[in-house]
Structure formats: structure tokens, C-alpha cells
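Notes follow the structure.
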There are 2 protein chains.
Amino acid sequence: MSSQTKFKKDKEIIAEYEAQIKEIRTQLAEQFKCLEQQSESRLQLLQDLQEFFRRKAEIELEYSRSLEKLAERFSSKIRSSREHQFKKDQYLLSPVNCWYLVLHQTRRESRDHATLNDIFMNNVIVRLSQISEDVIRLFKKSKEIGLQMHEELLKVTNELYTVMKTYHMYHAESISAESKLKEAEKQEEKQFNKSGDLSMNLLRHEDRPQRRSSVKKIEKMKEKRQAKYSENKLKCTKARNDYLLNLAATNAAISKYYIHDVSDLIDCCDLGFHASLARTFRTYLSAEYNLETSRHEGLDVIENAVDNLDSRSDKHTVMDMCNQVFCPPLKFEFQPHMGDEVCQVSAQQPVQTELLMRYHQLQSRLATLKIENEEVRKTLDATMQTLQDMLTVEDFDVSDAFQHSRSTESVKSAASETYMSKINIAKRRANQQETEMFYFTKFKEYVNGSNLITKLQAKHDLLKQTLGEEKDECSRVKTTTSKPQCILFFPGERAECGTTSLLGESSCVKCVTLRGSDKHIGTSSTT
Amino acid sequence: MSSQTKFKKDKEIIAEYEAQIKEIRTQLAEQFKCLEQQSESRLQLLQDLQEFFRRKAEIELEYSRSLEKLAERFSSKIRSSREHQFKKDQYLLSPVNCWYLVLHQTRRESRDHATLNDIFMNNVIVRLSQISEDVIRLFKKSKEIGLQMHEELLKVTNELYTVMKTYHMYHAESISAESKLKEAEKQEEKQFNKSGDLSMNLLRHEDRPQRRSSVKKIEKMKEKRQAKYSENKLKCTKARNDYLLNLAATNAAISKYYIHDVSDLIDCCDLGFHASLARTFRTYLSAEYNLETSRHEGLDVIENAVDNLDSRSDKHTVMDMCNQVFCPPLKFEFQPHMGDEVCQVSAQQPVQTELLMRYHQLQSRLATLKIENEEVRKTLDATMQTLQDMLTVEDFDVSDAFQHSRSTESVKSAASETYMSKINIAKRRANQQETEMFYFTKFKEYVNGSNLITKLQAKHDLLKQTLGEEKDECSRVKTTTSKPQCILFFPGERAECGTTSLLGESSCVKCVTLRGSDKHIGTSSTT
């Protein structure tokens, strides 16, 4: 470069300099524009977020109100039908408990979504508008600082311009002084050459003093010009030094600005923006996470109630509730006719032989019947097991439906495939009802058989007793015909009748009922 | 009892029996009513649940549509403003990334609530209507079996009635035969007493044969009556035995019915009800739990993006994006005037002494300035720390708002207390802005100081170099004025300017920018 522009003049240099300054000014202006755009897009983002959360809050409130209305519709229905609140609570059946908890959960969801609305409106949106204020204020202040930085840069470049011009001036003067000196030197040389020729060719004495004064004059001028040149050269050197030092200072200042100051300026604009925005988003997240936790707690309560759905306990609750209806009646007592004093089976001759024969017949008949009925019971149990397997199939996992919504855009119908397809449902229901039919047929058969066994067994037992023991019969008959009590207090009955209840192990009604009552105490507090 | 009603007649006994039978019939009818009521309340419950889930499904759909619309409103705005999709993705700023993820989460929630609607409508409600069918069918079948059981009970009691009547008849006959026999015995005794008197007082031979035939007649009658009595007594004994055996059988049958059959009957009505209902509730729970899981996953993605909100990275993204604007300009070069061949600071005499003096002045001035500016920097750092503490205060936990909704009925405003109260906000904001003002004042002071230091340092360094070394200066000046490169490739600049960037440790622009770019790659894939 320096070799090409070796003879650059002031004007050229200044034009180049000015072009360079113009470029910097353009860049600085662009930087402000960039900062402004950044602030504007932040304000736009904040405005979008505010609009979003305002509308989301509205949606949450609508949702909350719909849920509230839904829960209230059924709750008021329940309240109006509950004439005996206390009694109902005491006798709360497990499916009804689940239903109450579903309503409770609905109210809870309603409240939580209302809280979401409140947090969005009174916290998230407030924060966002504060951040908007901050962005505006910080942009203004940063621009102020930026302007000061730019002024400083332009001041530095102006100084550079000044010292450059000074250098140009002194250098121009130095050149001029140098050329004048060179001219003087040329004249001196010319004079010197002339006198040399003369002294060698024509030595005229009369010319000598004239020539001597001329040489002296030239020498004097040369000395003067030499001094002028030296002075100008020193001035030029100083100006050049100044120019070079200012050049270094200017480049350092510009470099500092581009490397550090502009970055610090952006930091001033950013001051707290990310932190405040993060806190706003975290408020939103905290609200959503808390809503979720609350929802989850409620669902767990329902799940617990579903785990506790219990037909046996409910059955005994119903029987407790209507204990007048299910309480066994008074036993039929022996009524002696017209003061008949015999009140027991008489097993004296001549009836003894006949009774004995009858007893043995009963015994063998019962043995056969029991074997037959046991076979029916086994079939019944197996059928029940098949039914139970159908009724408790684990077909309720719908996570696939949400997997779809996670991976693809479209909502796939949860009923369209797997368990809930119409063909599957129809097939399974037909199968279930067929098994059910068979179960009832077998059940009737079993009940008939066990009814017969019960009656024959009672006769058999009475005959056995009569034939076995002859003494104090009367007092024993009295004991068996004592007043019957409530169903709950028939602990001995099961052994007497000789059959077992169909659905299982715990036939002691009293125990089961008490177990049921415990459950009510446990669950009634949740409604 | 037996002592009071010792002489009960047929009619009394039958009246009592009939009263007892009537009572049992009433109970049996009531039991059916109870089963019917139970089935009816189940049907009512199932109907309520169906209505509930139908309405809940509608609410979910409304909510889903509102969310969809909300997300679409902003998404379409984003799409239309995204003229250079690729470029935007590449230069995605961290707050914008959070915003996109919030919109994404809104769409996800919309889809999940639509899925909830689908599951309620096409699965839960279908199940509930099937259970209703089952309840009706099972009640019918159970009633059929119950009727059969009741018929059997009435058959047994009818039999008892018959054998009791037979007993009454034979006992009445037995009593009658006994009284007739007693009459005959009385006559015989009379005859015997009469003959005893005659033989002692008036023994008439002509009377004897007459009397003997009379006695024989009486004895014959007595024998006949004795036989009749014995026959009747046996018949009565057999009838009583039959009555007693049937009594035992009847009581056993009734007892069996009340203890076991009625319970089995209820079980028939219940068959599968609890299991099917549990599966229905579990379907509902599965849907709700899955919605929650999906929601949680989405929130976690947002939380992660919030954790990654990064002002430094964003700053460098912006500077990358507008690299023409932030790229440092060409350095000002020394422009030799009119072929001036000196292009470095000249330190020969007579300027050497002056330059040396100037150098020493600069040195001491710089030392003072640096100490002063370091003090300003310390204040600035402390102020920034205070600001940072204010800006990152953890004030976003809103779990209290949900605690309220958990424990009490009313929705308390989340803004009414603690952090978001208006007084607190105003106080904190005033405090923050005051600190901010002070920070900016100090920042200006620091920038001014460091600008001066930069310029003086550049001059100082150039003088030091010039005064220190005298040889090959020209070539060195050439190196420092070589063409400037992009901001990213100024590794040596920091040491030259002698100041450090305000906000911290990593002033190597290149490294920070690269770090920022990595982040973009990581987060851009989530939109």
C-alpha cells in the first residue's frame, strides 16, 4: 500500500480518512438500530406472553366454572335426596363413596384451575408488564451510555484528524524548506563551478571582490535555508510523532469499543431481563406443577376408594340398614293341642322300629344327595371362577391413547382399537352372558339340592337325637325352641343347616358386617 | 308360654300359625322390594355417572378447543413472521425458545384433553351403560330365583300346616276315645260298687244272673273303648312325631333361607357389579393419570428451557446474526504525506528528551488512573451483585395458593399476600431502580476512566517501544497496521487495550460465541 500511494496528497488522504469515519458512523448507527430491534422484539414477546396468559387465564376460569357447575349439579341433587344425612353417611356404600369422591375431585379441580387463573392474572401478567417497563427503561439508559461512547470515539477520531492535518502542514513546509535549501545549494554549486572555471581559464583580478560577495550571499542564504529546513523538519517530526501516537490511541479506543464496550452496552440492555423472565416462567411452572400435585392427590384418594369397592361389605351394610327385613323370623314352635303333655318325638314301641327304619333311609338318602350336590357345587365354583376372570380382566389401561397424542399430531380414538372395539365388546359380552346363564342354571340346581338336604338333615338329626337319648327330652326341645334373635346373633346356625354359603369363606355374618362397618367409618370422612 | 296356653284349641293355634306365616310373607315381599330398590339406586348411580362423564367430556372438549385456538393464534402469527425459517431456528434466542415451548405445551394439553373427551365418550360411558344392562338383567334373574326360593319356603310351611292339622285331628280323637274309655271305666266301677253293696246287705239269688250279664256288657264296652283309645293314641303319637319332624325341617329350611339363601340371592344381584364399576373407574383414573404424566413431561421440557435462559449466549447469537454491524472496522493506518519516508515515531535528538519526559509522565498518570478506576470497578461489581441478588430472588413458588385450595373451600387470591402484594412490589421495584441508577452512574464513570486509560496506554506502549528499541522499527509498524479481521479473530486485543469486560470472566468473544452456538443446536430441536 505504502509503495503504491507514496505520493498521496492531503486531499486524497483526507478523503480516505473521511470515508473510513463515515463507515464507522454507519456501523454505530446500525448498532443502535440492532439494540432497538432487540428491545422491540422483547417487548413484542412480552406482549404476546401477556396476551397468551390473559387468554389462558380466561380459559382456566371457564374450565373451572364449568367443573364447578357440573359438581354442584350433582351435589345439590345428592343433598336434596339426603333426608337422613347421618344415616346415609353411616350406611355409605362403596360405589356411592367413589361417586362422591369423583365429585369432590371435580370441585378440587375447579378450585385449582381458578387458582391458576388468579396466578396468571395477578402474578404472571404483572411480572410480564414490569419486565416490559424494565426493557424500555434499560434501552433508554443504555442508548444514553452508547451515545456517550460514540461521542468519545468521534472525539478521538477528530483529534486524529487535527494532528494529521498538522503533520501534513509541517511536512509540506518541511518539503518546501527542503526544496528551497536544495535550490540554494544548487546556486552555490553553480557559483562554485563558475569560479572554478574562471580561476582556471581567465583569472581576472578586478572580478574577484564582486564574485566573493556573491558567494558570501549565496552561502548566507543557504545557511538561512538550512536553518529553516531544520526547524521545519523538527516541527514535522514532532507532528508525525503526534500523529503516530494519536493513531495508536485512536485504534486502541476503537478496538476497545468493538471488543468490550459494545458487549457491555448489550449487557446494560439485558440487565435482569433473562432473570426476571425466568422467574415469571418459574411462577407459571410452579402453578402448573402444584395444580398437578393437587390433582394427583385427589386421584389417589379416588383410586384408594376404587380399591375398596367391596360387594360383600356393601351387602352387609344393606342388610344392616334393613335389618327388620332380613332378620330371621320367630321359629315355629311345637303347639301342644288341647293340653297335650307330650311335646317331643315319641320313640317307644310300636313306633320305634318304624322310626329306626326311617332314620336309616334318611341317612343313606342324605349321603347320596350330598355327593350329588357337591358335584353341582364344584361346577358352580368353576363357572364362578370363569365369570370372575371375565369380570376382573385388566382392560382399563388407556396410556396408548396418550402415547399417540405424544408422538403424532392427530388424536386417535381410544375406542377405535384394542379393547373397546365394538366387535370385541359384543363378543366378550355374549360370552359373559352365556357363562352367566349357565351359572344361574347350576345355581338353581344347587339351591334345590341343598334345600332338600337341609330338610332331610333336620329330620335325620331330630330322629338321631330321639333314638339316641331317651332322657330329659322335654327340656332339650325347650332349648331349641327358645326365642329367635336377630340375624347377627345366630352364631350356631351354620353348623345346624349343614350347607355353606356360595361365595366363600367368611360365612359368619356378624364378623363380615362388623368389617363392613369399619370400612364405612374409614371412608365416610372423605365426602 | 306352654303353661299359659296349655289348653289351646285348633282355631287358636291355626290363627297363631297363620299370623306367623303372614309375617314371613311380608318379610319376603319386603326383601324383594329391598333388592329392587338396591338395583334402582344402582341404575340411578350409573345414570348419574353417565350424565356426569358426558358433561365432563363436553367440558374437556371445550377446554381442548380453547387451548388449541389459543396456541394456533400465536403459532400462525409466528409462522407468518418467519420468513427465514431456517435462519430463525439457527438463531433461536433462549426466551423465544421458552415461548415456543409454552405454545407447544398448550397444544399438547389441548390434544390430551381431547383424548380425555374421547375416552369418556367412547369407553367410560359405554362401560357404564353396559353395567346398567347387567344390573337390570341380573335383578330379573335373581328375582326369578328368589321367587323359586319363596315358593319352596311356602311349600314347606304348607306341609307343616297339614301335619299339624292331622295331629290336631288325631289328638282330638284320642282325647275323645280316652274320655269314652274313662266313662266306661266309671260305669264299671259303679257296677262294681253296686254289686259289692248287694252282696254285703241283700243277697238275692234271683238278681245274680241279671247282674252278671250287665257286668260283662260293661267290660266288653270298656275293652272296645280301650282298643279304640290305644289305636287313636298311636295315630296321635305318629301324627305328633310327623308334626315335630316337619317342624324341625321347616325351621331348618327357614333358617337356611335367612342365613344363606337371601345372602346368595343378593350376591346374584351383585354379580360383577363392583368389578365392572371398578374397571370403569380405573379407566377414568388411567386416563387422568396419563394426562398428568403427559402434562408433566411437557412442563419438564419447559423447565429445562427456563434453566437454559442465557443472556450471554443470546448476546453472542445476536452479534453473530448481525456480524457486519459488530465487526471492528479497518484500523486507521499511518498515511505518509507526499512520500514521507519516515513512518514511525522518531526518537532521535532533539525530540528524544522530550519523548522520554512524556513517557515518564504517561507512566505515572496511568498508574494513578488505574488505581482510581479499579476502585470504581469494585463499587460497580458490588452494585451488580446487589442487583443480581434482587433479580434472582426465588419468589416464584406459588404452592401456598394451592395449599389454600386444598384445605379450605374458598379460593384465596395468590396475589393478596406474601410476595405479590402491591406494597411489596412497589417497594422492591423502587429499590431495584435506585440500585440500577447508581449502577449506571458508576458504569459511565468506569467507561470514561477506562477510555482514557486505553488511549494513554496505547501512547505509552508506543513510546516505550520506540524508546526501548531503535532498530527495524519500520517493519514493526507494518505488523500493527496489517488489515483488521472480524471480531471473532482478534485474540490478541484484550491484552493490548488493558481493560477487562465488565460482566466477567470469559472475555474471549470467540469462545463464548462458540459456546452459544452449541446451545442453539441443543435447544432448536425442541420446537
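Every chain in the C-alpha cells takes a letter, A first, then B, and so on in the order presented; its residues are numbered from 1, and the ligands are numbered from 1 following the presented order.
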
Would you mind writing down, as a ChimeraX atom specification, each residue of range 126-356 of chain A that DSSP on the backbone assigns to alpha helix (DSSP H)?
/A:126-201,208-256,262-270,273-307,311-321,323-326,351-356

Neighbours of Glu133 in chain A within 12 Å (only C-alpha atoms; same-chain residues fewer than 2 positions away dropped), as a PDB file with N, CA and C atoms, in the first residue's frame?
```pdb
ATOM      1  N   SER A  39     -34.751  -4.828  21.595  1.00  0.00           N
ATOM      2  CA  SER A  39     -35.686  -4.397  22.636  1.00  0.00           C
ATOM      3  C   SER A  39     -37.120  -4.498  22.144  1.00  0.00           C
ATOM      4  N   GLU A  40     -37.316  -4.112  20.884  1.00  0.00           N
ATOM      5  CA  GLU A  40     -38.669  -4.176  20.333  1.00  0.00           C
ATOM      6  C   GLU A  40     -39.181  -5.606  20.263  1.00  0.00           C
ATOM      7  N   ARG A  42     -38.251  -7.969  22.131  1.00  0.00           N
ATOM      8  CA  ARG A  42     -38.524  -8.383  23.515  1.00  0.00           C
ATOM      9  C   ARG A  42     -39.884  -7.871  23.979  1.00  0.00           C
ATOM     10  N   LEU A  43     -40.153  -6.610  23.672  1.00  0.00           N
ATOM     11  CA  LEU A  43     -41.448  -6.032  24.064  1.00  0.00           C
ATOM     12  C   LEU A  43     -42.586  -6.786  23.377  1.00  0.00           C
ATOM     13  N   LEU A  46     -42.980 -10.045  25.149  1.00  0.00           N
ATOM     14  CA  LEU A  46     -43.638  -9.843  26.444  1.00  0.00           C
ATOM     15  C   LEU A  46     -45.123  -9.556  26.264  1.00  0.00           C
ATOM     16  N   GLN A  47     -45.430  -8.809  25.207  1.00  0.00           N
ATOM     17  CA  GLN A  47     -46.833  -8.517  24.941  1.00  0.00           C
ATOM     18  C   GLN A  47     -47.580  -9.784  24.538  1.00  0.00           C
ATOM     19  N   VAL A 126     -48.590  -9.469  35.757  1.00  0.00           N
ATOM     20  CA  VAL A 126     -47.983  -8.312  36.427  1.00  0.00           C
ATOM     21  C   VAL A 126     -46.469  -8.324  36.229  1.00  0.00           C
ATOM     22  N   ARG A 127     -45.896  -9.498  36.415  1.00  0.00           N
ATOM     23  CA  ARG A 127     -44.450  -9.617  36.208  1.00  0.00           C
ATOM     24  C   ARG A 127     -44.073  -9.247  34.771  1.00  0.00           C
ATOM     25  N   LEU A 128     -44.847  -9.771  33.829  1.00  0.00           N
ATOM     26  CA  LEU A 128     -44.517  -9.519  32.420  1.00  0.00           C
ATOM     27  C   LEU A 128     -44.573  -8.026  32.089  1.00  0.00           C
ATOM     28  N   SER A 129     -45.572  -7.338  32.643  1.00  0.00           N
ATOM     29  CA  SER A 129     -45.673  -5.909  32.340  1.00  0.00           C
ATOM     30  C   SER A 129     -44.527  -5.148  33.005  1.00  0.00           C
ATOM     31  N   GLN A 130     -44.084  -5.618  34.179  1.00  0.00           N
ATOM     32  CA  GLN A 130     -42.930  -4.993  34.822  1.00  0.00           C
ATOM     33  C   GLN A 130     -41.670  -5.193  33.985  1.00  0.00           C
ATOM     34  N   ILE A 131     -41.536  -6.397  33.423  1.00  0.00           N
ATOM     35  CA  ILE A 131     -40.360  -6.651  32.576  1.00  0.00           C
ATOM     36  C   ILE A 131     -40.394  -5.731  31.354  1.00  0.00           C
ATOM     37  N   VAL A 135     -37.502  -3.254  30.210  1.00  0.00           N
ATOM     38  CA  VAL A 135     -36.860  -3.289  28.891  1.00  0.00           C
ATOM     39  C   VAL A 135     -36.803  -1.879  28.299  1.00  0.00           C
ATOM     40  N   ILE A 136     -37.912  -1.164  28.404  1.00  0.00           N
ATOM     41  CA  ILE A 136     -37.964   0.207  27.860  1.00  0.00           C
ATOM     42  C   ILE A 136     -36.971   1.107  28.580  1.00  0.00           C
ATOM     43  N   ARG A 137     -37.007   1.073  29.907  1.00  0.00           N
ATOM     44  CA  ARG A 137     -36.138   1.941  30.706  1.00  0.00           C
ATOM     45  C   ARG A 137     -34.668   1.625  30.431  1.00  0.00           C
ATOM     46  N   LEU A 138     -34.327   0.335  30.415  1.00  0.00           N
ATOM     47  CA  LEU A 138     -32.934  -0.056  30.229  1.00  0.00           C
ATOM     48  C   LEU A 138     -32.448   0.284  28.822  1.00  0.00           C
ATOM     49  N   PHE A 139     -33.348   0.159  27.842  1.00  0.00           N
ATOM     50  CA  PHE A 139     -32.933   0.534  26.492  1.00  0.00           C
ATOM     51  C   PHE A 139     -32.582   2.017  26.428  1.00  0.00           C
ATOM     52  N   LYS A 140     -33.427   2.835  27.051  1.00  0.00           N
ATOM     53  CA  LYS A 140     -33.183   4.285  27.071  1.00  0.00           C
ATOM     54  C   LYS A 140     -31.840   4.604  27.723  1.00  0.00           C
ATOM     55  N   PHE A 273     -33.082  -9.026  32.404  1.00  0.00           N
ATOM     56  CA  PHE A 273     -34.177  -9.490  31.550  1.00  0.00           C
ATOM     57  C   PHE A 273     -34.362 -11.005  31.648  1.00  0.00           C
ATOM     58  N   SER A 276     -35.506 -12.075  35.231  1.00  0.00           N
ATOM     59  CA  SER A 276     -36.908 -11.762  35.533  1.00  0.00           C
ATOM     60  C   SER A 276     -37.857 -12.642  34.735  1.00  0.00           C
TER      61      SER A 276
ATOM     62  N   ARG B 429     -39.531  -2.691  43.621  1.00  0.00           N
ATOM     63  CA  ARG B 429     -39.197  -2.093  42.327  1.00  0.00           C
ATOM     64  C   ARG B 429     -38.467  -0.760  42.513  1.00  0.00           C
ATOM     65  N   GLN B 433     -34.765  -0.036  41.101  1.00  0.00           N
ATOM     66  CA  GLN B 433     -34.457   1.021  40.141  1.00  0.00           C
ATOM     67  C   GLN B 433     -33.425   2.002  40.688  1.00  0.00           C
TER      68      GLN B 433
END
```

Rank A:Val393, A:Met384, A:Ala249, A:Ile423 by their smallest atom-to-atom distance to chain B, using only C-alpha atoms, and report the top residue only.
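Using only C-alpha atoms, chain B sits closest to A:Ala249.
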
For Leu70 in chain B, the closest of A:Glu51, A:Asp112, A:Glu333, A:Glu12 counting only C-alpha atoms is A:Glu51

May I ask which of the residues A:Leu462, A:Ala426, A:Ala305, A:Met321 is the closest one to Arg358 in chain A, counting only C-alpha atoms?
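So, comparing all the options, the nearest one is A:Leu462.
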
Which residues are close to Val325 in chain A, i.e. within 9 Å by only C-alpha atoms, leaving aside same-chain residues fewer than 5 positions away? Reply as number ranges by chain.
A: 319; B: 26-28, 30-31, 34

Shortest interatomic distance to chain B - which of A:Lys422, A:Arg279, A:Lys222, A:Lys217, counting only C-alpha atoms:
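Distance minimum relative to chain B lands on A:Arg279.
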
Counting only C-alpha atoms, figure out which residue out of B:Lys370, B:Lys22, B:Lys235, B:Arg111 gets nearest to chain A.
B:Arg111

Spatial neighbours of Glu434 in chain B, max dist 12 Å, only C-alpha atoms, sep filter under 6 positions, as a list in words:
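The residues satisfying every condition are Thr383, Thr386, Leu387, Met390, Lys427, Arg428, Phe440 and Thr441 of chain B.
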
So which one's closest to chain B, A:Leu355, A:Ala458, A:Leu380, A:Ile302? Using only C-alpha atoms, please.
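Among A:Leu355, A:Ala458, A:Leu380, A:Ile302, it is A:Ala458 that comes nearest to chain B.
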
Name all residues at most 8 Å from Asp261 in chain B (count only C-alpha atoms; drop same-chain ones fewer than 3 positions away) and give them as a JSON list (two decimals) with all heavy atoms, in the first residue's frame.
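Below you can see out09.json, which holds the result:
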```
[["chain", "number", "residue", "atom", "x", "y", "z"],
["A", 447, "VAL", "N", -79.37, -74.88, 44.74],
["A", 447, "VAL", "CA", -80.27, -74.42, 45.80],
["A", 447, "VAL", "C", -81.34, -75.48, 46.06],
["A", 447, "VAL", "O", -81.63, -75.81, 47.22],
["A", 447, "VAL", "CB", -80.92, -73.06, 45.42],
["A", 447, "VAL", "CG1", -82.09, -72.73, 46.32],
["A", 447, "VAL", "CG2", -79.89, -71.95, 45.47],
["A", 501, "SER", "N", -72.40, -71.10, 52.49],
["A", 501, "SER", "CA", -72.77, -70.03, 51.56],
["A", 501, "SER", "C", -71.95, -70.18, 50.28],
["A", 501, "SER", "O", -70.85, -70.71, 50.30],
["A", 501, "SER", "CB", -72.47, -68.68, 52.20],
["A", 501, "SER", "OG", -72.92, -67.65, 51.36],
["B", 149, "MET", "N", -87.27, -69.71, 45.55],
["B", 149, "MET", "CA", -86.91, -69.94, 46.96],
["B", 149, "MET", "C", -88.12, -69.71, 47.85],
["B", 149, "MET", "O", -88.38, -70.49, 48.78],
["B", 149, "MET", "CB", -85.78, -68.99, 47.39],
["B", 149, "MET", "CG", -84.41, -69.36, 46.84],
["B", 149, "MET", "SD", -83.26, -68.03, 47.25],
["B", 149, "MET", "CE", -81.71, -68.75, 46.74],
["B", 256, "LYS", "N", -82.08, -71.71, 56.98],
["B", 256, "LYS", "CA", -81.15, -71.75, 55.83],
["B", 256, "LYS", "C", -81.43, -70.57, 54.89],
["B", 256, "LYS", "O", -80.50, -69.89, 54.43],
["B", 256, "LYS", "CB", -81.31, -73.05, 55.06],
["B", 256, "LYS", "CG", -80.50, -73.09, 53.75],
["B", 256, "LYS", "CD", -80.73, -74.36, 52.98],
["B", 256, "LYS", "CE", -79.97, -74.37, 51.67],
["B", 256, "LYS", "NZ", -80.68, -73.72, 50.57],
["B", 257, "TYR", "N", -82.69, -70.33, 54.62],
["B", 257, "TYR", "CA", -83.03, -69.24, 53.71],
["B", 257, "TYR", "C", -82.50, -67.90, 54.25],
["B", 257, "TYR", "O", -81.84, -67.14, 53.54],
["B", 257, "TYR", "CB", -84.54, -69.15, 53.49],
["B", 257, "TYR", "CG", -84.92, -67.92, 52.72],
["B", 257, "TYR", "CD1", -84.78, -67.87, 51.34],
["B", 257, "TYR", "CD2", -85.37, -66.77, 53.38],
["B", 257, "TYR", "CE1", -85.07, -66.73, 50.63],
["B", 257, "TYR", "CE2", -85.67, -65.62, 52.67],
["B", 257, "TYR", "CZ", -85.52, -65.60, 51.30],
["B", 257, "TYR", "OH", -85.80, -64.46, 50.60],
["B", 258, "TYR", "N", -82.79, -67.64, 55.52],
["B", 258, "TYR", "CA", -82.42, -66.33, 56.08],
["B", 258, "TYR", "C", -80.91, -66.17, 56.26],
["B", 258, "TYR", "O", -80.38, -65.07, 56.15],
["B", 258, "TYR", "CB", -83.15, -66.09, 57.41],
["B", 258, "TYR", "CG", -84.54, -65.54, 57.18],
["B", 258, "TYR", "CD1", -85.62, -66.40, 57.01],
["B", 258, "TYR", "CD2", -84.78, -64.17, 57.11],
["B", 258, "TYR", "CE1", -86.90, -65.90, 56.78],
["B", 258, "TYR", "CE2", -86.05, -63.66, 56.90],
["B", 258, "TYR", "CZ", -87.11, -64.53, 56.73],
["B", 258, "TYR", "OH", -88.35, -64.05, 56.49],
["B", 264, "ASP", "N", -77.07, -65.26, 49.31],
["B", 264, "ASP", "CA", -76.69, -65.72, 47.97],
["B", 264, "ASP", "C", -77.50, -64.99, 46.90],
["B", 264, "ASP", "O", -76.99, -64.69, 45.81],
["B", 264, "ASP", "CB", -76.93, -67.23, 47.82],
["B", 264, "ASP", "CG", -75.92, -68.03, 48.64],
["B", 264, "ASP", "OD1", -74.92, -67.43, 49.08],
["B", 264, "ASP", "OD2", -76.16, -69.23, 48.86],
["B", 265, "LEU", "N", -78.75, -64.71, 47.23],
["B", 265, "LEU", "CA", -79.63, -64.01, 46.29],
["B", 265, "LEU", "C", -79.08, -62.60, 46.01],
["B", 265, "LEU", "O", -79.03, -62.17, 44.86],
["B", 265, "LEU", "CB", -81.03, -63.92, 46.93],
["B", 265, "LEU", "CG", -82.18, -63.62, 46.00],
["B", 265, "LEU", "CD1", -82.34, -64.72, 44.97],
["B", 265, "LEU", "CD2", -83.48, -63.50, 46.82]]
```
